[in-house]
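Notes for the one structure printed next.
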Amino acid sequence: MITNPRWIARPTSDQMARAYPDRAMRDGTEGSATLQCSVTARGSLTGCSVMSETPGGHGFGRAAMQLSRHFRLSPRTVNGQAVEGAVVTIPLTFQLN
């Protein structure tokens, strides 16, 4: 488990805005979601799943999954070599501007 990831890339505010769930936007609802993902040796995320979303039923988990492709982090290394399979937890907050 990577507890203090060193992010190389994260979703931009524009990407966050585009992913904001339509229903939540119409209702004026803000929310959050938490993903758990495996990290490849290149620092991209794979095998993501939604651990939680609040409030439920508004699409924040689905939106977080869409955003997962925009994350990159420094992968875990062993003896100077990047390794696959480390796990990272990513909390995302969705706020209306």
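Residue numbering restarts at 1 in every chain; chains get A, B, ... in the order shown in the structure tokens, and ligands count up from 1 in that same order.
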
Practice task
Could you give me, as a PyMOL selection string, the residues within 7 Å of Pro11 in chain A, counting only C-alpha atoms and dropping anything in the same chain fewer than 4 positions from it?
Solution key: chain A and resi 15-16+67+70-71

Exercise for the section: Determine which residues of range 4-53 of chain A DSSP labels as alpha helix (DSSP H) from the backbone of this structure, then write them out as a list of chain:residue names. Expected result: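 Reading the DSSP output for range 4-53 of chain A, alpha helix (DSSP H) covers A:Ser13, A:Asp14, A:Gln15, A:Met16, A:Ala17, A:Arg18, A:Ala19, A:Asp22, A:Arg23, A:Ala24, A:Met25, A:Arg26, A:Asp27.
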
Exercise for the section: Within 10 Å of Trp7 in chain A, counting only C-alpha atoms, which residues show up once you throw out same-chain ones fewer than 3 positions away? Write them as number ranges by chain, please. Expected result: A: 4, 10, 43, 71-75

Exercise for the section: Mind giving me the straight-line distance from CA of Thr40 in chain A to CA of Ile2 in chain A in Å, one decimal? Expected result: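 Between these atoms lies a distance of 12.4 Å.
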
Handout entry: Selection near Thr29 in chain A, 8 Å with only C-alpha atoms, sequence-local residues under 4 positions removed, as an MDAnalysis selection string
Key = chainID A and resid 24:25 96

Problem - Pick from A:Val39, A:Gly47, A:Gln81, A:Ala64 nearest to Arg18 in chain A, counting only C-alpha atoms - result: A:Ala64

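The residue set within 10 Å of Thr89 in chain A, counting only C-alpha atoms and dropping same-chain residues fewer than 6 places from it, reads Met1, Ile2, Thr3, Asn4, Pro5, Thr34, Leu35, Gln36, Cys37, Ser38, Cys48, Ser49, Val50 and Met51 of chain A.
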
Completion exercise
Taken to one decimal, the CA of Ile90 in chain A-CA of Thr77 in chain A distance is 19.8 Å

Exercise for the section: If you run DSSP over the backbone, which residues in chain A end up strand (DSSP E)? Put them as a PyMOL selection string. Expected result: chain A and resi 7-9+31-39+45-54+72-73+77-78+81-82+86-94

Practice task
Counting only C-alpha atoms, figure out which residue out of A:Phe60, A:Asn79, A:Ser44, A:Ser52 gets nearest to Glu30 in chain A.
Solution key: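 Nearest candidate to Glu30 in chain A out of A:Phe60, A:Asn79, A:Ser44, A:Ser52: A:Phe60.
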
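Minimum atom-to-atom distances from A:Arg42, A:Arg6, A:Arg23, A:Arg62 to Gly85 in chain A were compared using only C-alpha atoms, and the lowest value belongs to A:Arg42.
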